Amino acid sequence: QAATFHKVIMGLYDFLKECFSGFWDYETPKVMVVKNRTLGVIYRAVQFLVITYFIWYVFISQKAYQDSETHPDSSIYTLMKGTAVHGDDILDSVEYASPSEGGDVISTLLRRDITYDQKQGTCAEYYKVENANCSKDADCILGEVDFNGHGRRTGKCVQYYNHTFKTCEIQSWCPIEEYAVVREPALVEAINFTVFIRNYIHFPKFKDSLDPYCPNFRLGYIASQARESFSELCRTGGVIGVFINWDCNLDLNPSYCKPTYSFRRLDVRKDEDNSGYYYRFAKYYSKNGVESRTLIKAYGIRLDIIVHGQAGKFSPIPTIISSVTAMTSVGICTIICDWIMLTFIDKNEVYSDRKFDEVRKIASAFGWKIQSNICI
Amino acid sequence: QAATFHKVIMGLYDFLKECFSGFWDYETPKVMVVKNRTLGVIYRAVQFLVITYFIWYVFISQKAYQDSETHPDSSIYTLMKGTAVHGDDILDSVEYASPSEGGDVISTLLRRDITYDQKQGTCAEYYKVENANCSKDADCILGEVDFNGHGRRTGKCVQYYNHTFKTCEIQSWCPIEEYAVVREPALVEAINFTVFIRNYIHFPKFKDSLDPYCPNFRLGYIASQARESFSELCRTGGVIGVFINWDCNLDLNPSYCKPTYSFRRLDVRKDEDNSGYYYRFAKYYSKNGVESRTLIKAYGIRLDIIVHGQAGKFSPIPTIISSVTAMTSVGICTIICDWIMLTFIDKNEVYSDRKFDEVRKIASAFGWKIQSNICI
Amino acid sequence: QAATFHKVIMGLYDFLKECFSGFWDYETPKVMVVKNRTLGVIYRAVQFLVITYFIWYVFISQKAYQDSETHPDSSIYTLMKGTAVHGDDILDSVEYASPSEGGDVISTLLRRDITYDQKQGTCAEYYKVENANCSKDADCILGEVDFNGHGRRTGKCVQYYNHTFKTCEIQSWCPIEEYAVVREPALVEAINFTVFIRNYIHFPKFKDSLDPYCPNFRLGYIASQARESFSELCRTGGVIGVFINWDCNLDLNPSYCKPTYSFRRLDVRKDEDNSGYYYRFAKYYSKNGVESRTLIKAYGIRLDIIVHGQAGKFSPIPTIISSVTAMTSVGICTIICDWIMLTFIDKNEVYSDRKFDEVRKIASAFGWKIQSNICI
């Protein structure tokens, strides 16, 4: 038994020995050195271009040795300040700014179309609504609700407020906005309102928070930076983007990292109908037990605060990857120079003969060879 | 002195000459050409697969020659339209849509549970609240505030409104919602409400803005696209995502770039308790100097408008990087074919002998050689 | 004619035959095998390091075989719960939480500075406003609006409420907040308020939705996790980020994918003036036909719910790319070992002679050779 065991062990040993005989050999490609000055110059020139590109563009300009984070956590707090005189009334930020909580979208009203004292009831439909004009009750279908209208038709044809023509009567908030609206002049003093923006930013990958910046911007400054006329904005309203851009190199002191601010109008103006910015809201009152409301169509500026942030910090992984890519790319030089050498410079096929070692088929019969060495 | 100087210069010249003697040499790997048809076919086939993969998948399908931008600036403006008849009342968008400012989240109410005319005072606690049932004052602890209850206990045990049993009295907004609530029928006409969405988009990397698209969607259409029943939504409320997807090839005319819209419900339904969407708000009144409120529990649809954008434009850098990667990958063919050649085809080890040039150790003693040429 | 045609065809055939004669040849680099144990060990050691790095770090730790998605669609629904006793009043979530719609930003008020019963009228300006102190009417310029003041000066100098000194009279909401404000004590019971967070998440690339998680957090727990004192927050207000982090391996069962929650204060505290969180809003009343308002300056906690999500799933493309990169990087070993071999180990330049096959310029005259074979 001991002899058999010894034999098996020796057989296994021989097998493994043969397998690993080549394991510690070092293999390196054979290289042909061509002593041709033209080719050498071309080769070094291409190499120089590739290396320059990597060092200058990839490493210095693109900072490929840094790990980067492009989507930081961001939190915005905004606060509007300023007082405007409006006829006999004074408006403060509680009245013109909304929403009051001060997030990343804040709007201020610049002009109001006010419809006072609406109540649920019946009144004449707006004459521009389809099929609203009528001359007798039969023209108005009871219960019909027109999509662009203001309410449900009662089936009567009534005088259009203090005008001489008639329209269908509707059940609605009365009187209708189009008839009773009072157009207020624009809040020109809003040009001096300021908006305070506090932007907290944090790069989770680097666990780096940056001190928030808290600038105050005048609305007039914002409009002029967005190249918009403030009086035009007062007329139609508009959405303006406030772009905060943090571009930080965290290898330096984080205090060097300061945001830049830019402003751009975000509602298109090609097509007048879809431009501008307005919204409607109402103040509700209880008057002698009856609910009434003041409807306000507010034209204003909405500020959308949009934060871009990117930060980079040295990291070994991207450095290794970029270096490997750079070295690999240098190999491209050889491909280019080989092509030049073999195509344009080869004299009497000397280079070709030396570079290429041709091996012709020796065995005439072809078949799959069963490998004795299964280790490779 | 001149002679010494001359000597130094000449020495330096000789040194540099030797150093740079090989600098302009061109080095290229020596290659063995195997005239074996089987191997040639395998080699070309693998090469064809790799090249096809790169040309078709990487360059044509994935557009690896383009620089891409996946996080555009986006700004949303929404506006709800439509009129609903509700008993004797007419509801317009001011009353059912919130918030009024029209941002990327907008909700419309579909059903209201209204508690009219609540005032600060004392009344009976809801009987389902823990320990709220009582038979005598001693059962109620003065000053206790139950987390799921409505207020602070006064220590008295009182009749539960017009019922015969008793619960602890609390200081609260009275009467409590559970007792006094009036469940209104759903606003079925809301199926015809429309929401206007204006989506401005800008790709900062390419300084390309796109004309906003301003579609109007019916709520009924949105619900059916999200495969939800509108009447079910009226019952429980729900959050629906409106996904706007811009996929732009800026090498073409930007006007070809049109967004696609899709809709999906965002609140789960497996677990009934946590599904749906509702919120509470109140309208406040001053009645004879006493503040009172109408509490509204609103079930509704909240639309979350979520924008995805990606744009690509030709850029030399990614083109170079992808090309280099493609060329490098072609080298994989050689590895595969070498393995096949040496394992299966090698006849009498002819190929192996020619490919591998074995160099045995010549000097028996081993030691680090100090290089005379420190330039390499 | 047939003969000419035959000739042309034969010529073309010969031309193409020559062109493609080398097409099916297989080319492989010639390799020198160095039987040097030291070099072999170094080579294998470097190879081992590179392969270990790729297998362990790139494939196992970084999951390079997965396609990843880092910007999922997310939708947040929040709901505040709890009841607070405030003097004789009970506050419920309708009164302290805003906005009521429950999105990704929700705030609760903790302390109120209330100015009751303001009306449009004339009253004395706050004495700390620049140039507001006066002794005679001539000190006050009619129509002037100070930016930090409360309204437009009427040109009169009046007594400062029930004090003995005088300030300029202004047209404003009267009385001014600074004089008439009532500071309420903090809502200490708010520490037990809970916020319910429902976070829906969807990875569009993988078309994988995850069941929303619906935790309830106590405000006191949130403050302690953010390492803030609740009583300090009651005093100044603050913005706290609730970070929800989904890190999902979708190759496993999606039900294993659970979010983690962390909390961090987002308003800086270095610079006291810009810290904290407050906002102002008003409740409007109609009193005998005159509009009046209760102005509330609310200090509170604003919760910004910020979602991070990343998911990975096996995909052939990144697997191929990572494998190719790994194989390419193994080539770096050869560069390192070549340098060691040629610099430190080379005995009598034996290796160098065998590796490098030097080809000297043979033809003395140099010129561009016009290729007869245009196929290559």
# chains A, B, ... in the order shown; residues from 1 in each chain; ligands from 1
>>> residues_around(residues="region 55-68 of chain A", least_positions_apart="4", cutoff="6 Å", atoms="only C-alpha atoms", output="list of chain:residue names")
A:Ala311, A:Gly312, A:Lys313, A:Phe314, A:Ser315, A:Pro318, A:Thr319
>>> residues_around(residues="Ser286 (chain A)", least_positions_apart="2", cutoff="8 Å", atoms="only C-alpha atoms", output="ChimeraX atom specification")
/A:284,288-292 /B:285-286 /C:286
>>> write_last_selection(atoms="N, CA, C and O atoms", output="PDB file, in the first residue's frame")
ATOM      1  N   TYR A 284     -60.615  84.715   0.867  1.00  0.00           N
ATOM      2  CA  TYR A 284     -61.998  84.395   1.189  1.00  0.00           C
ATOM      3  C   TYR A 284     -62.462  85.177   2.412  1.00  0.00           C
ATOM      4  O   TYR A 284     -61.717  85.365   3.358  1.00  0.00           O
ATOM      5  N   ASN A 288     -71.693  88.481   6.448  1.00  0.00           N
ATOM      6  CA  ASN A 288     -73.050  88.185   6.902  1.00  0.00           C
ATOM      7  C   ASN A 288     -73.386  86.711   6.675  1.00  0.00           C
ATOM      8  O   ASN A 288     -74.455  86.365   6.197  1.00  0.00           O
ATOM      9  N   GLY A 289     -72.421  85.850   6.946  1.00  0.00           N
ATOM     10  CA  GLY A 289     -72.661  84.414   6.803  1.00  0.00           C
ATOM     11  C   GLY A 289     -72.554  83.895   5.384  1.00  0.00           C
ATOM     12  O   GLY A 289     -72.625  82.700   5.150  1.00  0.00           O
ATOM     13  N   VAL A 290     -72.360  84.789   4.403  1.00  0.00           N
ATOM     14  CA  VAL A 290     -72.211  84.344   3.012  1.00  0.00           C
ATOM     15  C   VAL A 290     -70.736  84.414   2.639  1.00  0.00           C
ATOM     16  O   VAL A 290     -70.082  85.433   2.886  1.00  0.00           O
ATOM     17  N   GLU A 291     -70.234  83.325   2.031  1.00  0.00           N
ATOM     18  CA  GLU A 291     -68.823  83.313   1.652  1.00  0.00           C
ATOM     19  C   GLU A 291     -68.618  84.159   0.396  1.00  0.00           C
ATOM     20  O   GLU A 291     -69.323  84.003  -0.599  1.00  0.00           O
ATOM     21  N   SER A 292     -67.680  85.065   0.467  1.00  0.00           N
ATOM     22  CA  SER A 292     -67.334  85.818  -0.732  1.00  0.00           C
ATOM     23  C   SER A 292     -65.823  85.819  -0.868  1.00  0.00           C
ATOM     24  O   SER A 292     -65.104  85.478   0.069  1.00  0.00           O
TER      25      SER A 292
ATOM     26  N   TYR B 285     -62.055  82.250   9.468  1.00  0.00           N
ATOM     27  CA  TYR B 285     -62.988  83.367   9.473  1.00  0.00           C
ATOM     28  C   TYR B 285     -62.954  84.027  10.833  1.00  0.00           C
ATOM     29  O   TYR B 285     -62.657  83.385  11.826  1.00  0.00           O
ATOM     30  N   SER B 286     -63.301  85.291  10.851  1.00  0.00           N
ATOM     31  CA  SER B 286     -63.499  85.962  12.126  1.00  0.00           C
ATOM     32  C   SER B 286     -64.998  86.205  12.256  1.00  0.00           C
ATOM     33  O   SER B 286     -65.591  86.918  11.450  1.00  0.00           O
TER      34      SER B 286
ATOM     35  N   SER C 286     -61.971  90.439   7.190  1.00  0.00           N
ATOM     36  CA  SER C 286     -62.709  91.628   6.815  1.00  0.00           C
ATOM     37  C   SER C 286     -63.510  92.033   8.049  1.00  0.00           C
ATOM     38  O   SER C 286     -64.359  91.279   8.515  1.00  0.00           O
TER      39      SER C 286
END
>>> atom_distance(atom1="CA of Ala124 (chain B)", atom2="CA of Ile170 (chain B)")
6.0 Å
>>> residues_around(residues="region 85-94 of chain B", least_positions_apart="2", cutoff="8 Å", atoms="only C-alpha atoms", output="ChimeraX atom specification")
/A:120,150-152,171-173,280-282 /B:80-83,96-98,100,187,189
>>> select_by_dssp(residues="region 162-328 of chain B", states="strand (DSSP E)", output="compact mmCIF listing (two decimals) with N, CA, C and O atoms, in the first residue's frame")
# COMPACT_ATOMS: atom_id res chain seq x y z
N LYS B 166 -70.50 58.02 26.64
CA LYS B 166 -69.72 59.16 27.10
C LYS B 166 -68.25 59.00 26.73
O LYS B 166 -67.71 57.89 26.65
N THR B 167 -67.58 60.13 26.47
CA THR B 167 -66.12 60.12 26.29
C THR B 167 -65.54 61.30 27.07
O THR B 167 -66.28 62.18 27.52
N CYS B 168 -64.22 61.28 27.21
CA CYS B 168 -63.56 62.35 27.93
C CYS B 168 -63.70 63.66 27.18
O CYS B 168 -63.64 63.70 25.95
N GLU B 169 -63.86 64.72 27.93
CA GLU B 169 -63.93 66.04 27.31
C GLU B 169 -62.51 66.52 27.01
O GLU B 169 -61.58 66.27 27.77
N ILE B 170 -62.33 67.18 25.87
CA ILE B 170 -61.03 67.73 25.52
C ILE B 170 -61.16 69.20 25.13
O ILE B 170 -62.23 69.67 24.72
N GLN B 171 -60.03 69.87 25.27
CA GLN B 171 -59.91 71.24 24.78
C GLN B 171 -59.34 71.10 23.37
O GLN B 171 -58.31 70.48 23.16
N SER B 172 -60.03 71.64 22.37
CA SER B 172 -59.66 71.36 20.97
C SER B 172 -60.39 72.32 20.03
O SER B 172 -61.11 73.22 20.47
N TRP B 173 -60.17 72.12 18.70
CA TRP B 173 -61.05 72.74 17.71
C TRP B 173 -62.33 71.92 17.73
O TRP B 173 -62.30 70.72 17.48
N CYS B 174 -63.45 72.53 18.05
CA CYS B 174 -64.68 71.79 18.23
C CYS B 174 -65.74 72.21 17.23
O CYS B 174 -65.81 73.37 16.87
N VAL B 182 -68.67 66.37 6.93
CA VAL B 182 -69.66 66.18 5.88
C VAL B 182 -68.91 65.65 4.66
O VAL B 182 -68.03 66.33 4.13
N ARG B 183 -69.22 64.42 4.26
CA ARG B 183 -68.51 63.85 3.10
C ARG B 183 -69.20 64.29 1.82
O ARG B 183 -70.35 63.93 1.58
N THR B 194 -58.06 70.20 -17.42
CA THR B 194 -56.81 70.05 -18.17
C THR B 194 -55.68 70.68 -17.39
O THR B 194 -55.88 71.61 -16.61
N VAL B 195 -54.50 70.14 -17.60
CA VAL B 195 -53.31 70.76 -17.01
C VAL B 195 -52.38 71.14 -18.15
O VAL B 195 -52.11 70.35 -19.06
N PHE B 196 -52.01 72.40 -18.14
CA PHE B 196 -51.10 72.96 -19.15
C PHE B 196 -49.70 72.87 -18.55
O PHE B 196 -49.49 73.26 -17.40
N ILE B 197 -48.77 72.29 -19.30
CA ILE B 197 -47.40 72.12 -18.79
C ILE B 197 -46.43 72.83 -19.74
O ILE B 197 -46.40 72.52 -20.93
N ARG B 198 -45.70 73.79 -19.20
CA ARG B 198 -44.67 74.42 -20.02
C ARG B 198 -43.33 74.01 -19.44
O ARG B 198 -43.03 74.28 -18.28
N ASN B 199 -42.52 73.34 -20.23
CA ASN B 199 -41.24 72.82 -19.74
C ASN B 199 -40.11 73.45 -20.55
O ASN B 199 -39.93 73.18 -21.73
N TYR B 200 -39.37 74.30 -19.88
CA TYR B 200 -38.18 74.91 -20.47
C TYR B 200 -37.01 73.99 -20.18
O TYR B 200 -36.88 73.46 -19.08
N ILE B 201 -36.14 73.80 -21.16
CA ILE B 201 -34.99 72.92 -20.94
C ILE B 201 -33.75 73.53 -21.59
O ILE B 201 -33.84 74.17 -22.63
N HIS B 202 -32.63 73.36 -20.93
CA HIS B 202 -31.37 73.97 -21.40
C HIS B 202 -30.23 73.02 -21.08
O HIS B 202 -30.15 72.52 -19.96
N PHE B 203 -29.38 72.77 -22.06
CA PHE B 203 -28.21 71.92 -21.83
C PHE B 203 -27.00 72.82 -21.64
O PHE B 203 -26.47 73.35 -22.62
N ASP B 208 -27.23 75.02 -25.35
CA ASP B 208 -28.35 74.85 -26.26
C ASP B 208 -29.65 74.86 -25.49
O ASP B 208 -29.86 74.03 -24.60
N SER B 209 -30.50 75.82 -25.81
CA SER B 209 -31.84 75.81 -25.22
C SER B 209 -32.80 75.25 -26.26
O SER B 209 -32.59 75.37 -27.46
N LEU B 210 -33.82 74.65 -25.77
CA LEU B 210 -34.81 74.10 -26.68
C LEU B 210 -36.13 74.80 -26.45
O LEU B 210 -36.45 75.17 -25.33
N ASP B 211 -36.86 74.98 -27.52
CA ASP B 211 -38.17 75.61 -27.39
C ASP B 211 -39.03 74.79 -26.45
O ASP B 211 -39.14 73.59 -26.60
N PRO B 212 -39.65 75.46 -25.48
CA PRO B 212 -40.49 74.66 -24.58
C PRO B 212 -41.70 74.10 -25.31
O PRO B 212 -42.18 74.67 -26.29
N TYR B 213 -42.13 72.97 -24.86
CA TYR B 213 -43.32 72.34 -25.37
C TYR B 213 -44.42 72.62 -24.39
O TYR B 213 -44.21 72.56 -23.18
N ASN B 216 -51.40 70.39 -23.33
CA ASN B 216 -52.50 70.35 -22.36
C ASN B 216 -52.93 68.90 -22.23
O ASN B 216 -53.20 68.26 -23.25
N PHE B 217 -53.00 68.39 -21.02
CA PHE B 217 -53.46 67.02 -20.83
C PHE B 217 -54.75 67.02 -20.02
O PHE B 217 -54.85 67.74 -19.02
N ARG B 218 -55.71 66.21 -20.43
CA ARG B 218 -56.92 65.99 -19.63
C ARG B 218 -56.56 65.08 -18.46
O ARG B 218 -55.80 64.12 -18.64
N GLY B 238 -54.42 60.08 -5.19
CA GLY B 238 -53.24 59.39 -5.70
C GLY B 238 -52.21 60.36 -6.24
O GLY B 238 -52.53 61.52 -6.53
N VAL B 239 -50.97 59.88 -6.32
CA VAL B 239 -49.89 60.69 -6.87
C VAL B 239 -49.51 60.09 -8.21
O VAL B 239 -49.25 58.89 -8.31
N ILE B 240 -49.54 60.88 -9.26
CA ILE B 240 -49.20 60.39 -10.58
C ILE B 240 -47.99 61.15 -11.10
O ILE B 240 -47.94 62.38 -11.02
N GLY B 241 -47.01 60.41 -11.57
CA GLY B 241 -45.82 61.03 -12.14
C GLY B 241 -46.03 61.31 -13.61
O GLY B 241 -46.49 60.45 -14.34
N VAL B 242 -45.72 62.53 -14.02
CA VAL B 242 -45.75 62.89 -15.44
C VAL B 242 -44.29 62.96 -15.86
O VAL B 242 -43.56 63.87 -15.44
N PHE B 243 -43.83 62.00 -16.63
CA PHE B 243 -42.43 61.91 -17.01
C PHE B 243 -42.23 62.53 -18.39
O PHE B 243 -42.82 62.07 -19.36
N ILE B 244 -41.43 63.57 -18.43
CA ILE B 244 -41.12 64.21 -19.71
C ILE B 244 -39.71 63.78 -20.07
O ILE B 244 -38.78 63.98 -19.29
N ASN B 245 -39.55 63.18 -21.23
CA ASN B 245 -38.26 62.64 -21.62
C ASN B 245 -37.77 63.32 -22.90
O ASN B 245 -38.39 63.21 -23.94
N TRP B 246 -36.67 64.04 -22.77
CA TRP B 246 -36.05 64.69 -23.93
C TRP B 246 -34.81 63.86 -24.28
O TRP B 246 -33.92 63.72 -23.46
N ASP B 247 -34.77 63.33 -25.49
CA ASP B 247 -33.60 62.55 -25.92
C ASP B 247 -33.13 63.17 -27.23
O ASP B 247 -33.70 62.93 -28.28
N CYS B 248 -32.11 64.00 -27.13
CA CYS B 248 -31.78 64.88 -28.25
C CYS B 248 -30.42 64.58 -28.85
O CYS B 248 -29.44 64.39 -28.15
N ASN B 249 -30.39 64.55 -30.18
CA ASN B 249 -29.14 64.47 -30.92
C ASN B 249 -28.88 65.86 -31.48
O ASN B 249 -29.46 66.25 -32.49
N THR B 260 -41.06 63.17 -25.15
CA THR B 260 -42.15 62.20 -25.05
C THR B 260 -42.69 62.25 -23.62
O THR B 260 -41.97 62.59 -22.69
N TYR B 261 -43.96 61.90 -23.46
CA TYR B 261 -44.62 62.00 -22.17
C TYR B 261 -45.10 60.62 -21.74
O TYR B 261 -45.66 59.89 -22.55
N SER B 262 -44.84 60.29 -20.49
CA SER B 262 -45.42 59.05 -19.98
C SER B 262 -45.92 59.29 -18.57
O SER B 262 -45.54 60.27 -17.92
N PHE B 263 -46.78 58.41 -18.10
CA PHE B 263 -47.50 58.62 -16.86
C PHE B 263 -47.47 57.35 -16.04
O PHE B 263 -47.64 56.26 -16.59
N ARG B 264 -47.24 57.48 -14.75
CA ARG B 264 -47.19 56.30 -13.90
C ARG B 264 -47.61 56.68 -12.49
O ARG B 264 -47.26 57.75 -12.00
N ARG B 265 -48.38 55.81 -11.86
CA ARG B 265 -48.81 56.13 -10.50
C ARG B 265 -47.66 55.91 -9.55
O ARG B 265 -46.94 54.92 -9.65
N TYR B 278 -53.97 62.60 0.25
CA TYR B 278 -54.90 63.59 0.78
C TYR B 278 -54.12 64.61 1.58
O TYR B 278 -52.98 64.35 1.98
N TYR B 279 -54.68 65.74 1.79
CA TYR B 279 -54.07 66.73 2.67
C TYR B 279 -55.19 67.55 3.30
O TYR B 279 -56.33 67.56 2.82
N ARG B 280 -54.87 68.18 4.39
CA ARG B 280 -55.86 68.97 5.11
C ARG B 280 -55.48 70.44 5.05
O ARG B 280 -54.31 70.79 5.15
N PHE B 281 -56.47 71.28 4.88
CA PHE B 281 -56.21 72.72 5.03
C PHE B 281 -57.47 73.35 5.59
O PHE B 281 -58.51 72.70 5.70
N ALA B 282 -57.34 74.61 5.97
CA ALA B 282 -58.49 75.27 6.60
C ALA B 282 -58.66 76.66 6.03
O ALA B 282 -57.71 77.29 5.58
N LYS B 283 -59.92 77.11 6.03
CA LYS B 283 -60.20 78.51 5.73
C LYS B 283 -60.60 79.15 7.05
O LYS B 283 -61.46 78.63 7.76
N TYR B 284 -59.97 80.27 7.37
CA TYR B 284 -60.21 80.93 8.65
C TYR B 284 -61.16 82.10 8.49
O TYR B 284 -61.09 82.84 7.52
N TYR B 285 -62.06 82.25 9.47
CA TYR B 285 -62.99 83.37 9.47
C TYR B 285 -62.95 84.03 10.83
O TYR B 285 -62.66 83.38 11.83
N SER B 286 -63.30 85.29 10.85
CA SER B 286 -63.50 85.96 12.13
C SER B 286 -65.00 86.20 12.26
O SER B 286 -65.59 86.92 11.45
N LYS B 287 -65.62 85.55 13.23
CA LYS B 287 -67.07 85.64 13.38
C LYS B 287 -67.36 86.31 14.72
O LYS B 287 -67.13 85.71 15.76
N VAL B 290 -64.63 86.18 17.07
CA VAL B 290 -64.11 84.85 17.43
C VAL B 290 -63.61 84.17 16.16
O VAL B 290 -64.30 84.16 15.14
N GLU B 291 -62.37 83.62 16.24
CA GLU B 291 -61.83 82.95 15.07
C GLU B 291 -62.48 81.58 14.90
O GLU B 291 -62.56 80.80 15.84
N SER B 292 -62.97 81.34 13.69
CA SER B 292 -63.47 80.01 13.40
C SER B 292 -62.89 79.56 12.07
O SER B 292 -62.34 80.35 11.33
N ARG B 293 -62.99 78.26 11.83
CA ARG B 293 -62.39 77.76 10.58
C ARG B 293 -63.27 76.69 9.97
O ARG B 293 -64.06 76.03 10.65
N THR B 294 -63.11 76.52 8.66
CA THR B 294 -63.70 75.39 7.97
C THR B 294 -62.54 74.48 7.63
O THR B 294 -61.62 74.88 6.89
N LEU B 295 -62.55 73.26 8.19
CA LEU B 295 -61.46 72.32 7.97
C LEU B 295 -61.80 71.44 6.77
O LEU B 295 -62.89 70.88 6.70
N ILE B 296 -60.87 71.34 5.84
CA ILE B 296 -61.13 70.55 4.64
C ILE B 296 -60.07 69.46 4.53
O ILE B 296 -58.87 69.74 4.52
N LYS B 297 -60.54 68.21 4.48
CA LYS B 297 -59.65 67.10 4.17
C LYS B 297 -59.86 66.80 2.69
O LYS B 297 -60.94 66.38 2.27
N ALA B 298 -58.84 67.09 1.91
CA ALA B 298 -58.98 67.01 0.46
C ALA B 298 -58.29 65.78 -0.08
O ALA B 298 -57.09 65.61 0.11
N TYR B 299 -59.06 64.91 -0.75
CA TYR B 299 -58.48 63.81 -1.51
C TYR B 299 -58.28 64.32 -2.91
O TYR B 299 -59.16 64.97 -3.47
N GLY B 300 -57.13 64.02 -3.49
CA GLY B 300 -56.93 64.57 -4.83
C GLY B 300 -55.88 63.85 -5.61
O GLY B 300 -55.33 62.83 -5.19
N ILE B 301 -55.60 64.36 -6.78
CA ILE B 301 -54.51 63.86 -7.60
C ILE B 301 -53.37 64.86 -7.49
O ILE B 301 -53.57 66.07 -7.68
N ARG B 302 -52.20 64.37 -7.13
CA ARG B 302 -51.02 65.23 -7.19
C ARG B 302 -50.21 64.81 -8.40
O ARG B 302 -49.90 63.63 -8.56
N LEU B 303 -49.89 65.75 -9.27
CA LEU B 303 -49.06 65.46 -10.43
C LEU B 303 -47.63 65.89 -10.10
O LEU B 303 -47.38 67.05 -9.76
N ASP B 304 -46.70 64.94 -10.16
CA ASP B 304 -45.27 65.26 -9.99
C ASP B 304 -44.65 65.27 -11.37
O ASP B 304 -44.57 64.21 -12.01
N ILE B 305 -44.23 66.41 -11.84
CA ILE B 305 -43.67 66.46 -13.19
C ILE B 305 -42.17 66.26 -13.10
O ILE B 305 -41.46 67.04 -12.46
N ILE B 306 -41.70 65.16 -13.68
CA ILE B 306 -40.31 64.72 -13.55
C ILE B 306 -39.69 64.75 -14.94
O ILE B 306 -40.19 64.13 -15.87
N VAL B 307 -38.61 65.50 -15.08
CA VAL B 307 -38.01 65.70 -16.40
C VAL B 307 -36.72 64.90 -16.51
O VAL B 307 -35.86 64.97 -15.63
N HIS B 308 -36.62 64.11 -17.58
CA HIS B 308 -35.36 63.44 -17.92
C HIS B 308 -34.86 64.06 -19.21
O HIS B 308 -35.64 64.22 -20.14
N GLY B 309 -33.60 64.37 -19.26
CA GLY B 309 -33.09 64.91 -20.51
C GLY B 309 -31.71 64.39 -20.78
O GLY B 309 -30.90 64.26 -19.88
N GLN B 310 -31.46 64.06 -22.04
CA GLN B 310 -30.09 63.77 -22.40
C GLN B 310 -29.85 64.23 -23.82
O GLN B 310 -30.73 64.18 -24.67
N ALA B 311 -28.67 64.75 -24.02
CA ALA B 311 -28.33 65.28 -25.33
C ALA B 311 -26.92 64.87 -25.66
O ALA B 311 -26.07 64.75 -24.78
N GLY B 312 -26.67 64.64 -26.94
CA GLY B 312 -25.33 64.30 -27.39
C GLY B 312 -24.92 65.19 -28.54
O GLY B 312 -25.76 65.65 -29.30
N LYS B 313 -23.65 65.48 -28.63
CA LYS B 313 -23.13 66.33 -29.70
C LYS B 313 -21.72 65.84 -30.01
O LYS B 313 -20.98 65.50 -29.10
N PHE B 314 -21.34 65.84 -31.31
CA PHE B 314 -20.02 65.37 -31.69
C PHE B 314 -18.93 66.12 -30.92
O PHE B 314 -18.99 67.33 -30.75
>>> residues_around(residues="Ser135 (chain C)", least_positions_apart="2", cutoff="12 Å", atoms="only C-alpha atoms", output="ChimeraX atom specification")
/C:131-133,137-140,155-160,164-169
>>> write_last_selection(atoms="C-alpha atoms", output="compact mmCIF listing (two decimals), in the first residue's frame")
# COMPACT_ATOMS: atom_id res chain seq x y z
CA ASN C 131 -33.50 108.98 9.87
CA ALA C 132 -36.75 107.93 11.50
CA ASN C 133 -36.13 109.90 14.70
CA ASP C 137 -42.24 117.77 10.77
CA ALA C 138 -39.44 119.28 8.68
CA ASP C 139 -37.23 116.31 9.67
CA CYS C 140 -39.48 113.96 7.70
CA GLY C 155 -44.07 114.30 6.26
CA LYS C 156 -45.31 114.47 9.84
CA CYS C 157 -43.39 113.89 13.05
CA VAL C 158 -45.48 112.00 15.61
CA GLN C 159 -45.20 110.44 19.05
CA TYR C 160 -43.78 106.88 19.01
CA THR C 164 -42.13 109.97 24.95
CA PHE C 165 -39.89 110.36 21.85
CA LYS C 166 -41.03 111.03 18.32
CA THR C 167 -40.49 109.38 14.93
CA CYS C 168 -41.67 110.15 11.40
CA GLU C 169 -45.18 109.11 10.56
>>> interface_residues(of="chain B", to="chain A", cutoff="6 Å", atoms="only C-alpha atoms", output="PyMOL selection string")
chain B and resi 24-35+82+90+94+101+344-345
>>> residues_around(residues="Cys234 (chain A)", least_positions_apart="3", cutoff="10 Å", atoms="only C-alpha atoms", output="JSON, numbers by chain")
{"A": [109, 110, 111, 112, 185, 186, 187, 188, 190, 191, 229, 230, 231, 237, 238, 276, 277, 299, 300, 301]}
>>> select_by_dssp(residues="region 22-243 of chain A", states="alpha helix (DSSP H)", output="JSON, numbers by chain")
{"A": [37, 38, 39, 40, 41, 42, 43, 44, 45, 46, 47, 48, 49, 50, 51, 52, 93, 94, 95, 96, 177, 178, 179, 180, 219, 220, 221, 222, 223, 224, 225, 230, 231, 232, 233, 234, 235, 236]}
